[in-house]
$ cat model.cif   # mmCIF, N, CA and C atoms
data_entry
#
loop_
_atom_site.label_atom_id
_atom_site.label_comp_id
_atom_site.auth_asym_id
_atom_site.auth_seq_id
_atom_site.Cartn_x
_atom_site.Cartn_y
_atom_site.Cartn_z
N MET A 1 3.10 -3.69 25.12
CA MET A 1 4.43 -3.77 24.53
C MET A 1 4.91 -5.22 24.60
N PRO A 2 5.44 -5.76 23.53
CA PRO A 2 5.89 -7.15 23.54
C PRO A 2 7.02 -7.38 24.53
N ALA A 3 7.07 -8.61 25.04
CA ALA A 3 8.07 -8.96 26.03
C ALA A 3 9.48 -8.85 25.47
N ILE A 4 9.65 -9.09 24.16
CA ILE A 4 11.00 -9.03 23.58
C ILE A 4 11.59 -7.63 23.73
N LEU A 5 10.73 -6.59 23.56
CA LEU A 5 11.23 -5.22 23.74
C LEU A 5 11.51 -4.95 25.20
N ALA A 6 10.64 -5.45 26.09
CA ALA A 6 10.87 -5.26 27.52
C ALA A 6 12.20 -5.88 27.93
N ASP A 7 12.51 -7.06 27.41
CA ASP A 7 13.77 -7.72 27.73
C ASP A 7 14.96 -6.89 27.27
N THR A 8 14.86 -6.32 26.07
CA THR A 8 16.00 -5.57 25.55
C THR A 8 16.20 -4.27 26.31
N LEU A 9 15.14 -3.76 26.95
CA LEU A 9 15.28 -2.54 27.74
C LEU A 9 15.60 -2.84 29.20
N GLY A 10 15.74 -4.12 29.55
CA GLY A 10 16.14 -4.48 30.91
C GLY A 10 15.01 -4.52 31.90
N ALA A 11 13.77 -4.50 31.45
CA ALA A 11 12.65 -4.56 32.38
C ALA A 11 12.25 -6.00 32.62
N LYS A 12 11.65 -6.24 33.77
CA LYS A 12 11.20 -7.60 34.09
C LYS A 12 9.85 -7.89 33.42
N THR A 13 8.98 -6.92 33.33
CA THR A 13 7.68 -7.09 32.69
C THR A 13 7.44 -5.91 31.76
N PRO A 14 6.56 -6.07 30.77
CA PRO A 14 6.28 -4.96 29.86
C PRO A 14 5.74 -3.73 30.58
N GLU A 15 5.02 -3.90 31.70
CA GLU A 15 4.47 -2.77 32.43
C GLU A 15 5.56 -1.88 33.03
N GLN A 16 6.75 -2.42 33.25
CA GLN A 16 7.83 -1.64 33.85
C GLN A 16 8.53 -0.74 32.84
N VAL A 17 8.21 -0.90 31.57
CA VAL A 17 8.88 -0.12 30.53
C VAL A 17 8.08 1.14 30.27
N THR A 18 8.73 2.28 30.36
CA THR A 18 8.11 3.53 29.96
C THR A 18 9.02 4.17 28.93
N LEU A 19 8.46 4.51 27.81
CA LEU A 19 9.25 5.12 26.75
C LEU A 19 8.98 6.62 26.74
N PRO A 20 10.00 7.43 26.70
CA PRO A 20 9.80 8.88 26.65
C PRO A 20 9.22 9.31 25.31
N GLY A 21 8.80 10.56 25.24
CA GLY A 21 8.24 11.10 24.00
C GLY A 21 9.28 11.22 22.90
N ARG A 22 10.55 11.32 23.26
CA ARG A 22 11.62 11.38 22.27
C ARG A 22 12.65 10.33 22.64
N LEU A 23 13.19 9.68 21.65
CA LEU A 23 14.20 8.66 21.87
C LEU A 23 15.45 9.02 21.07
N THR A 24 16.57 8.48 21.46
CA THR A 24 17.78 8.61 20.68
C THR A 24 18.10 7.25 20.10
N SER A 25 18.26 7.19 18.79
CA SER A 25 18.56 5.93 18.13
C SER A 25 19.95 5.47 18.53
N PRO A 26 20.10 4.23 19.03
CA PRO A 26 21.43 3.75 19.38
C PRO A 26 22.31 3.54 18.15
N LYS A 27 21.69 3.40 16.99
CA LYS A 27 22.46 3.13 15.78
C LYS A 27 23.16 4.38 15.25
N ASN A 28 22.40 5.47 15.12
CA ASN A 28 22.99 6.67 14.52
C ASN A 28 22.96 7.87 15.45
N HIS A 29 22.53 7.69 16.69
CA HIS A 29 22.53 8.71 17.73
C HIS A 29 21.73 9.95 17.35
N LYS A 30 20.75 9.79 16.46
CA LYS A 30 19.86 10.89 16.11
C LYS A 30 18.65 10.83 17.03
N GLU A 31 18.07 11.99 17.32
CA GLU A 31 16.86 12.00 18.11
C GLU A 31 15.70 11.58 17.22
N ILE A 32 14.82 10.75 17.74
CA ILE A 32 13.68 10.26 16.98
C ILE A 32 12.45 11.01 17.46
N ALA A 33 11.83 11.77 16.58
CA ALA A 33 10.60 12.47 16.95
C ALA A 33 9.44 11.51 16.87
N VAL A 34 8.51 11.66 17.76
CA VAL A 34 7.33 10.81 17.80
C VAL A 34 6.12 11.67 17.47
N ILE A 35 5.31 11.24 16.51
CA ILE A 35 4.10 12.00 16.20
C ILE A 35 2.89 11.22 16.69
N THR A 36 1.83 11.94 16.93
CA THR A 36 0.59 11.33 17.37
C THR A 36 -0.23 11.02 16.13
N PRO A 37 -0.78 9.79 16.03
CA PRO A 37 -1.61 9.48 14.87
C PRO A 37 -2.81 10.43 14.78
N ASN A 38 -3.21 10.78 13.56
CA ASN A 38 -4.38 11.63 13.35
C ASN A 38 -5.26 10.99 12.29
N PHE A 39 -6.23 11.74 11.79
CA PHE A 39 -7.18 11.18 10.83
C PHE A 39 -6.51 10.77 9.53
N ASN A 40 -5.36 11.32 9.20
CA ASN A 40 -4.66 10.96 7.96
C ASN A 40 -3.76 9.74 8.14
N THR A 41 -3.54 9.32 9.37
CA THR A 41 -2.64 8.21 9.63
C THR A 41 -3.42 6.90 9.63
N PRO A 42 -2.99 5.92 8.85
CA PRO A 42 -3.72 4.65 8.82
C PRO A 42 -3.53 3.89 10.12
N ALA A 43 -4.44 2.95 10.37
CA ALA A 43 -4.29 2.09 11.54
C ALA A 43 -3.02 1.26 11.36
N ILE A 44 -2.25 1.13 12.42
CA ILE A 44 -1.00 0.39 12.32
C ILE A 44 -1.03 -0.78 13.28
N SER A 45 -0.24 -1.77 12.97
CA SER A 45 -0.11 -2.93 13.85
C SER A 45 1.37 -3.17 14.08
N GLU A 46 1.66 -4.17 14.88
CA GLU A 46 3.05 -4.49 15.18
C GLU A 46 3.80 -4.86 13.91
N MET A 47 5.07 -4.47 13.86
CA MET A 47 5.93 -4.78 12.72
C MET A 47 7.21 -5.41 13.24
N VAL A 48 7.81 -6.23 12.40
CA VAL A 48 9.09 -6.84 12.74
C VAL A 48 10.20 -5.98 12.15
N CYS A 49 11.15 -5.59 12.98
CA CYS A 49 12.28 -4.81 12.48
C CYS A 49 13.29 -5.78 11.88
N PRO A 50 13.63 -5.63 10.60
CA PRO A 50 14.61 -6.53 9.98
C PRO A 50 16.04 -6.28 10.47
N TYR A 51 16.26 -5.17 11.17
CA TYR A 51 17.60 -4.83 11.63
C TYR A 51 17.89 -5.39 13.02
N CYS A 52 16.95 -5.19 13.95
CA CYS A 52 17.22 -5.62 15.32
C CYS A 52 16.33 -6.79 15.76
N GLY A 53 15.29 -7.13 14.97
CA GLY A 53 14.45 -8.29 15.26
C GLY A 53 13.33 -8.05 16.25
N VAL A 54 13.15 -6.84 16.74
CA VAL A 54 12.09 -6.54 17.70
C VAL A 54 10.74 -6.54 17.00
N ILE A 55 9.73 -7.07 17.67
CA ILE A 55 8.36 -7.03 17.17
C ILE A 55 7.62 -6.03 18.05
N ASP A 56 7.22 -4.91 17.47
CA ASP A 56 6.59 -3.85 18.26
C ASP A 56 5.85 -2.90 17.34
N LEU A 57 5.02 -2.04 17.95
CA LEU A 57 4.41 -0.96 17.20
C LEU A 57 5.51 0.01 16.81
N PRO A 58 5.51 0.49 15.58
CA PRO A 58 6.57 1.40 15.16
C PRO A 58 6.36 2.80 15.73
N ARG A 59 7.42 3.56 15.77
CA ARG A 59 7.34 5.00 16.06
C ARG A 59 6.96 5.66 14.76
N LEU A 60 6.03 6.59 14.82
CA LEU A 60 5.59 7.27 13.61
C LEU A 60 6.27 8.62 13.49
N GLY A 61 6.84 8.86 12.33
CA GLY A 61 7.45 10.14 12.02
C GLY A 61 6.64 10.85 10.96
N ALA A 62 6.99 12.06 10.67
CA ALA A 62 6.26 12.85 9.69
C ALA A 62 6.35 12.21 8.31
N GLY A 63 5.25 12.24 7.58
CA GLY A 63 5.23 11.73 6.22
C GLY A 63 5.65 12.81 5.24
N SER A 64 5.79 12.41 3.99
CA SER A 64 6.10 13.38 2.94
C SER A 64 5.49 12.89 1.64
N GLY A 65 5.10 13.82 0.80
CA GLY A 65 4.51 13.45 -0.48
C GLY A 65 3.24 12.64 -0.28
N PRO A 66 3.14 11.47 -0.90
CA PRO A 66 1.92 10.67 -0.79
C PRO A 66 1.83 9.86 0.50
N HIS A 67 2.82 9.99 1.37
CA HIS A 67 2.87 9.18 2.57
C HIS A 67 2.32 9.93 3.78
N ALA A 68 1.48 9.25 4.56
CA ALA A 68 0.91 9.87 5.76
C ALA A 68 1.94 9.93 6.87
N ALA A 69 2.75 8.89 6.98
CA ALA A 69 3.71 8.82 8.08
C ALA A 69 4.86 7.91 7.71
N ARG A 70 5.92 8.05 8.47
CA ARG A 70 7.11 7.21 8.33
C ARG A 70 7.11 6.28 9.54
N ALA A 71 7.24 4.98 9.32
CA ALA A 71 7.30 4.01 10.42
C ALA A 71 8.75 3.65 10.68
N ASP A 72 9.21 3.95 11.89
CA ASP A 72 10.56 3.62 12.32
C ASP A 72 10.49 2.63 13.48
N CYS A 73 11.49 1.80 13.60
CA CYS A 73 11.57 0.85 14.71
C CYS A 73 11.60 1.62 16.02
N ALA A 74 10.76 1.22 16.97
CA ALA A 74 10.72 1.88 18.27
C ALA A 74 11.96 1.56 19.09
N HIS A 75 12.66 0.50 18.73
CA HIS A 75 13.84 0.08 19.51
C HIS A 75 15.13 0.68 18.97
N CYS A 76 15.43 0.45 17.68
CA CYS A 76 16.71 0.90 17.14
C CYS A 76 16.60 2.18 16.30
N GLY A 77 15.37 2.57 15.92
CA GLY A 77 15.19 3.80 15.18
C GLY A 77 15.35 3.68 13.68
N ASP A 78 15.63 2.48 13.16
CA ASP A 78 15.79 2.32 11.72
C ASP A 78 14.44 2.43 11.01
N PHE A 79 14.51 2.87 9.76
CA PHE A 79 13.32 3.01 8.92
C PHE A 79 12.73 1.63 8.62
N LEU A 80 11.40 1.49 8.77
CA LEU A 80 10.72 0.24 8.43
C LEU A 80 10.00 0.35 7.10
N ARG A 81 9.09 1.34 6.99
CA ARG A 81 8.38 1.54 5.74
C ARG A 81 7.56 2.82 5.81
N TRP A 82 7.11 3.28 4.64
CA TRP A 82 6.21 4.42 4.58
C TRP A 82 4.78 3.93 4.78
N LEU A 83 3.96 4.70 5.44
CA LEU A 83 2.55 4.36 5.63
C LEU A 83 1.72 5.23 4.70
N PRO A 84 0.79 4.62 3.96
CA PRO A 84 -0.01 5.39 3.01
C PRO A 84 -1.06 6.23 3.73
N LYS A 85 -1.51 7.27 3.06
CA LYS A 85 -2.59 8.08 3.61
C LYS A 85 -3.88 7.28 3.59
N SER A 86 -4.67 7.44 4.64
CA SER A 86 -5.98 6.79 4.67
C SER A 86 -6.90 7.55 3.74
N ARG A 87 -7.74 6.83 3.05
CA ARG A 87 -8.69 7.47 2.15
C ARG A 87 -10.10 7.07 2.54
N THR A 88 -11.02 8.01 2.39
CA THR A 88 -12.43 7.70 2.62
C THR A 88 -12.92 6.87 1.44
N PRO A 89 -14.04 6.18 1.59
CA PRO A 89 -14.56 5.40 0.45
C PRO A 89 -14.82 6.28 -0.78
N GLU A 90 -15.24 7.53 -0.57
CA GLU A 90 -15.50 8.44 -1.69
C GLU A 90 -14.19 8.78 -2.41
N GLU A 91 -13.13 9.04 -1.63
CA GLU A 91 -11.83 9.35 -2.24
C GLU A 91 -11.29 8.15 -3.01
N ARG A 92 -11.46 6.94 -2.45
CA ARG A 92 -11.01 5.73 -3.14
C ARG A 92 -11.78 5.53 -4.44
N ALA A 93 -13.10 5.75 -4.40
CA ALA A 93 -13.93 5.59 -5.60
C ALA A 93 -13.53 6.60 -6.67
N GLU A 94 -13.25 7.84 -6.25
CA GLU A 94 -12.83 8.87 -7.20
C GLU A 94 -11.49 8.51 -7.83
N LYS A 95 -10.56 8.03 -7.02
CA LYS A 95 -9.24 7.65 -7.53
C LYS A 95 -9.36 6.48 -8.51
N ASP A 96 -10.20 5.49 -8.16
CA ASP A 96 -10.41 4.34 -9.05
C ASP A 96 -11.05 4.77 -10.37
N ALA A 97 -12.00 5.70 -10.30
CA ALA A 97 -12.66 6.18 -11.52
C ALA A 97 -11.65 6.89 -12.43
N LYS A 98 -10.79 7.73 -11.83
CA LYS A 98 -9.77 8.41 -12.64
C LYS A 98 -8.81 7.42 -13.27
N ALA A 99 -8.43 6.38 -12.51
CA ALA A 99 -7.53 5.35 -13.05
C ALA A 99 -8.21 4.62 -14.20
N GLY A 100 -9.50 4.35 -14.07
CA GLY A 100 -10.25 3.68 -15.15
C GLY A 100 -10.29 4.51 -16.42
N LEU A 101 -10.46 5.82 -16.26
CA LEU A 101 -10.48 6.71 -17.43
C LEU A 101 -9.12 6.73 -18.11
N ARG A 102 -8.04 6.78 -17.31
CA ARG A 102 -6.69 6.77 -17.90
C ARG A 102 -6.43 5.45 -18.62
N ARG A 103 -6.86 4.34 -18.01
CA ARG A 103 -6.66 3.03 -18.61
C ARG A 103 -7.42 2.94 -19.93
N SER A 104 -8.65 3.43 -19.95
CA SER A 104 -9.45 3.40 -21.18
C SER A 104 -8.81 4.24 -22.27
N ALA A 105 -8.33 5.42 -21.91
CA ALA A 105 -7.68 6.29 -22.90
C ALA A 105 -6.44 5.61 -23.48
N CYS A 106 -5.69 4.95 -22.64
CA CYS A 106 -4.48 4.25 -23.09
C CYS A 106 -4.85 3.08 -24.01
N MET A 107 -5.89 2.31 -23.64
CA MET A 107 -6.30 1.16 -24.44
C MET A 107 -6.85 1.60 -25.80
N ARG A 108 -7.48 2.81 -25.84
CA ARG A 108 -8.03 3.33 -27.08
C ARG A 108 -6.94 3.65 -28.10
N GLU A 109 -5.73 3.95 -27.62
CA GLU A 109 -4.63 4.35 -28.49
C GLU A 109 -3.83 3.18 -29.05
N LYS A 110 -4.07 1.96 -28.54
CA LYS A 110 -3.26 0.81 -28.95
C LYS A 110 -4.08 -0.19 -29.76
N LEU A 111 -3.39 -0.83 -30.69
CA LEU A 111 -4.04 -1.87 -31.50
C LEU A 111 -4.37 -3.07 -30.63
N PRO A 112 -5.40 -3.83 -31.01
CA PRO A 112 -5.72 -5.03 -30.22
C PRO A 112 -4.56 -6.02 -30.26
N THR A 113 -4.40 -6.76 -29.19
CA THR A 113 -3.30 -7.73 -29.13
C THR A 113 -3.67 -8.98 -29.91
N PRO A 114 -2.68 -9.74 -30.36
CA PRO A 114 -2.97 -11.00 -31.05
C PRO A 114 -3.78 -11.96 -30.17
N ARG A 115 -3.53 -11.93 -28.87
CA ARG A 115 -4.28 -12.81 -27.96
C ARG A 115 -5.75 -12.41 -27.89
N GLN A 116 -6.03 -11.10 -27.93
CA GLN A 116 -7.42 -10.66 -27.94
C GLN A 116 -8.12 -11.13 -29.21
N ILE A 117 -7.47 -10.98 -30.35
CA ILE A 117 -8.05 -11.42 -31.63
C ILE A 117 -8.29 -12.93 -31.60
N GLN A 118 -7.31 -13.68 -31.11
CA GLN A 118 -7.43 -15.13 -31.03
C GLN A 118 -8.58 -15.53 -30.09
N PHE A 119 -8.71 -14.84 -28.97
CA PHE A 119 -9.76 -15.17 -28.02
C PHE A 119 -11.14 -14.85 -28.61
N LEU A 120 -11.24 -13.73 -29.35
CA LEU A 120 -12.50 -13.40 -30.01
C LEU A 120 -12.90 -14.49 -30.99
N GLN A 121 -11.93 -15.01 -31.74
CA GLN A 121 -12.21 -16.09 -32.68
C GLN A 121 -12.66 -17.35 -31.94
N GLN A 122 -12.00 -17.65 -30.81
CA GLN A 122 -12.39 -18.83 -30.02
C GLN A 122 -13.80 -18.68 -29.46
N LEU A 123 -14.22 -17.45 -29.19
CA LEU A 123 -15.56 -17.20 -28.67
C LEU A 123 -16.61 -17.18 -29.78
N GLY A 124 -16.16 -17.30 -31.04
CA GLY A 124 -17.08 -17.36 -32.17
C GLY A 124 -17.43 -16.00 -32.76
N TYR A 125 -16.65 -14.99 -32.49
CA TYR A 125 -16.92 -13.65 -33.03
C TYR A 125 -16.57 -13.64 -34.51
N CYS A 126 -17.52 -13.16 -35.33
CA CYS A 126 -17.31 -13.12 -36.78
C CYS A 126 -17.44 -11.71 -37.35
N GLY A 127 -17.56 -10.70 -36.53
CA GLY A 127 -17.75 -9.32 -37.00
C GLY A 127 -16.46 -8.69 -37.45
N PRO A 128 -16.50 -7.37 -37.67
CA PRO A 128 -15.30 -6.66 -38.12
C PRO A 128 -14.23 -6.66 -37.03
N ARG A 129 -12.98 -6.59 -37.48
CA ARG A 129 -11.86 -6.60 -36.54
C ARG A 129 -11.92 -5.32 -35.68
N PRO A 130 -11.77 -5.47 -34.36
CA PRO A 130 -11.78 -4.28 -33.50
C PRO A 130 -10.60 -3.36 -33.83
N SER A 131 -10.82 -2.05 -33.68
CA SER A 131 -9.78 -1.09 -34.06
C SER A 131 -8.80 -0.79 -32.93
N ASN A 132 -9.15 -1.12 -31.70
CA ASN A 132 -8.25 -0.86 -30.58
C ASN A 132 -8.48 -1.87 -29.45
N ARG A 133 -7.63 -1.82 -28.44
CA ARG A 133 -7.71 -2.78 -27.33
C ARG A 133 -8.98 -2.60 -26.50
N LEU A 134 -9.44 -1.36 -26.35
CA LEU A 134 -10.65 -1.12 -25.58
C LEU A 134 -11.86 -1.74 -26.26
N GLU A 135 -11.95 -1.57 -27.56
CA GLU A 135 -13.05 -2.16 -28.32
C GLU A 135 -13.00 -3.69 -28.24
N ALA A 136 -11.82 -4.26 -28.39
CA ALA A 136 -11.67 -5.72 -28.30
C ALA A 136 -12.06 -6.21 -26.91
N SER A 137 -11.65 -5.48 -25.90
CA SER A 137 -11.99 -5.86 -24.53
C SER A 137 -13.50 -5.83 -24.30
N GLY A 138 -14.16 -4.80 -24.84
CA GLY A 138 -15.61 -4.70 -24.72
C GLY A 138 -16.32 -5.85 -25.43
N LEU A 139 -15.82 -6.22 -26.61
CA LEU A 139 -16.41 -7.35 -27.34
C LEU A 139 -16.25 -8.65 -26.56
N ILE A 140 -15.06 -8.86 -26.01
CA ILE A 140 -14.79 -10.08 -25.22
C ILE A 140 -15.72 -10.14 -24.01
N THR A 141 -15.84 -9.01 -23.30
CA THR A 141 -16.71 -8.97 -22.13
C THR A 141 -18.15 -9.28 -22.51
N GLY A 142 -18.62 -8.69 -23.62
CA GLY A 142 -19.98 -8.94 -24.08
C GLY A 142 -20.21 -10.39 -24.45
N LEU A 143 -19.26 -10.99 -25.19
CA LEU A 143 -19.40 -12.40 -25.59
C LEU A 143 -19.36 -13.32 -24.38
N LEU A 144 -18.50 -13.03 -23.41
CA LEU A 144 -18.44 -13.86 -22.20
C LEU A 144 -19.72 -13.74 -21.39
N GLY A 145 -20.33 -12.53 -21.39
CA GLY A 145 -21.58 -12.32 -20.68
C GLY A 145 -22.73 -13.11 -21.30
N GLU A 146 -22.71 -13.24 -22.62
CA GLU A 146 -23.75 -14.01 -23.33
C GLU A 146 -23.65 -15.50 -23.00
N ARG A 147 -22.41 -15.96 -22.81
CA ARG A 147 -22.19 -17.39 -22.56
C ARG A 147 -22.61 -17.77 -21.14
N GLY A 148 -22.32 -16.89 -20.18
CA GLY A 148 -22.43 -17.29 -18.80
C GLY A 148 -23.64 -16.87 -18.13
#

$ encode --input "model.cif" --output "structure tokens"
Amino acid sequence: MPAILADTLGAKTPEQVTLPGRLTSPKNHKEIAVITPNFNTPAISEMVCPYCGVIDLPRLGAGSGPHAARADCAHCGDFLRWLPKSRTPEERAEKDAKAGLRRSACMREKLPTPRQIQFLQQLGYCGPRPSNRLEASGLITGLLGERG
């Protein structure tokens, strides 16, 4: 525990500070529940509380929706930030693949941008005008691959 928190709790050294499993926030007098990190909770490090200035590991509260946990200041109990759910490499790859498919579908529905057309001309492309942004992007990637 950082010395700054030990000082605010009136202890002489960090070892003299013991924090109970539940705390009461001095700001709003609500009880702060503490959860134990699990496989869904990402690794956390010390955070600076913008409200009280303490640098410490946050207290973790229950997450909701896409969030694994809620990080609250261990000293004053104010909200710091939401912590994202940890993902395995397979889950990350699946999410990235789905995002790529959505991006491709979106690009297929839109006309190529003037900058894409201009860049194709600068690269020396003389073929038919691409019908959508995805096609233009593929042509640009192919022409850049030939050059480099």

$ closest_residue --input "model.cif" --among "A:Cys52, A:Gly142, A:Lys85, A:Leu80" --to "A:Gly65" --atoms "all atoms listed in the file"
A:Lys85

$ atom_distance --input "model.cif" --atom1 "atom CA of A:Arg102" --atom2 "atom C of A:Pro84"
22.4 Å

$ atom_distance --input "model.cif" --atom1 "atom CA of A:Ala68" --atom2 "atom C of A:Cys49"
20.9 Å

$ residues_around --input "model.cif" --residues "stretch 124-135 of chain A" --least-positions-apart "6" --cutoff "8 Å" --atoms "only N, CA and C atoms" --output "JSON list (two decimals) with N, CA and C atoms, in the frame of the given file"
[["chain", "number", "residue", "atom", "x", "y", "z"],
["A", 103, "ARG", "N", -6.86, 4.34, -18.01],
["A", 103, "ARG", "CA", -6.66, 3.03, -18.61],
["A", 103, "ARG", "C", -7.42, 2.94, -19.93],
["A", 104, "SER", "N", -8.65, 3.43, -19.95],
["A", 104, "SER", "CA", -9.45, 3.40, -21.18],
["A", 104, "SER", "C", -8.81, 4.24, -22.27],
["A", 105, "ALA", "N", -8.33, 5.42, -21.91],
["A", 105, "ALA", "CA", -7.68, 6.29, -22.90],
["A", 105, "ALA", "C", -6.44, 5.61, -23.48],
["A", 106, "CYS", "N", -5.69, 4.95, -22.64],
["A", 106, "CYS", "CA", -4.48, 4.25, -23.09],
["A", 106, "CYS", "C", -4.85, 3.08, -24.01],
["A", 107, "MET", "N", -5.89, 2.31, -23.64],
["A", 107, "MET", "CA", -6.30, 1.16, -24.44],
["A", 107, "MET", "C", -6.85, 1.60, -25.80],
["A", 108, "ARG", "N", -7.48, 2.81, -25.84],
["A", 108, "ARG", "CA", -8.03, 3.33, -27.08],
["A", 108, "ARG", "C", -6.94, 3.65, -28.10],
["A", 109, "GLU", "N", -5.73, 3.95, -27.62],
["A", 109, "GLU", "CA", -4.63, 4.35, -28.49],
["A", 109, "GLU", "C", -3.83, 3.18, -29.05],
["A", 110, "LYS", "N", -4.07, 1.96, -28.54],
["A", 110, "LYS", "CA", -3.26, 0.81, -28.95],
["A", 110, "LYS", "C", -4.08, -0.19, -29.76],
["A", 111, "LEU", "N", -3.39, -0.83, -30.69],
["A", 111, "LEU", "CA", -4.04, -1.87, -31.50],
["A", 111, "LEU", "C", -4.37, -3.07, -30.63],
["A", 112, "PRO", "N", -5.40, -3.83, -31.01],
["A", 112, "PRO", "CA", -5.72, -5.03, -30.22],
["A", 112, "PRO", "C", -4.56, -6.02, -30.26],
["A", 113, "THR", "N", -4.40, -6.76, -29.19],
["A", 113, "THR", "CA", -3.30, -7.73, -29.13],
["A", 113, "THR", "C", -3.67, -8.98, -29.91],
["A", 116, "GLN", "N", -6.03, -11.10, -27.93],
["A", 116, "GLN", "CA", -7.42, -10.66, -27.94],
["A", 116, "GLN", "C", -8.12, -11.13, -29.21],
["A", 117, "ILE", "N", -7.47, -10.98, -30.35],
["A", 117, "ILE", "CA", -8.05, -11.42, -31.63],
["A", 117, "ILE", "C", -8.29, -12.93, -31.60],
["A", 118, "GLN", "N", -7.31, -13.68, -31.11],
["A", 118, "GLN", "CA", -7.43, -15.13, -31.03],
["A", 118, "GLN", "C", -8.58, -15.53, -30.09],
["A", 141, "THR", "N", -15.84, -9.01, -23.30],
["A", 141, "THR", "CA", -16.71, -8.97, -22.13],
["A", 141, "THR", "C", -18.15, -9.28, -22.51],
["A", 143, "LEU", "N", -19.26, -10.99, -25.19],
["A", 143, "LEU", "CA", -19.40, -12.40, -25.59],
["A", 143, "LEU", "C", -19.36, -13.32, -24.38]]

$ residues_around --input "model.cif" --residues "stretch 55-60 of chain A" --least-positions-apart "3" --cutoff "6 Å" --atoms "only C-alpha atoms" --output "PyMOL selection string"
chain A and resi 34-35+45-48+70-74

$ atom_distance --input "model.cif" --atom1 "atom CA of A:Arg87" --atom2 "atom C of A:Ala99"
16.6 Å

$ closest_residue --input "model.cif" --among "A:Leu83, A:Val54, A:Leu123, A:Ala97" --to "A:Ala69" --atoms "only N, CA and C atoms"
A:Leu83

$ select_by_dssp --input "model.cif" --residues "stretch 82-142 of chain A" --states "alpha helix (DSSP H)" --output "VMD selection string"
chain A and resid 89 to 108 114 to 122 133 to 142

$ closest_residue --input "model.cif" --among "A:Leu144, A:Leu139, A:Ala62, A:Ile44" --to "A:Ser86" --atoms "only C-alpha atoms"
A:Ile44

$ axis_aligned_box --input "model.cif" --around "stretch 120-139 of chain A" --padding-each-side "3 Å" --output "AutoDock Vina command-line options"
--center_x -12.7 --center_y -9.8 --center_z -31.2 --size_x 16.1 --size_y 24.0 --size_z 19.8
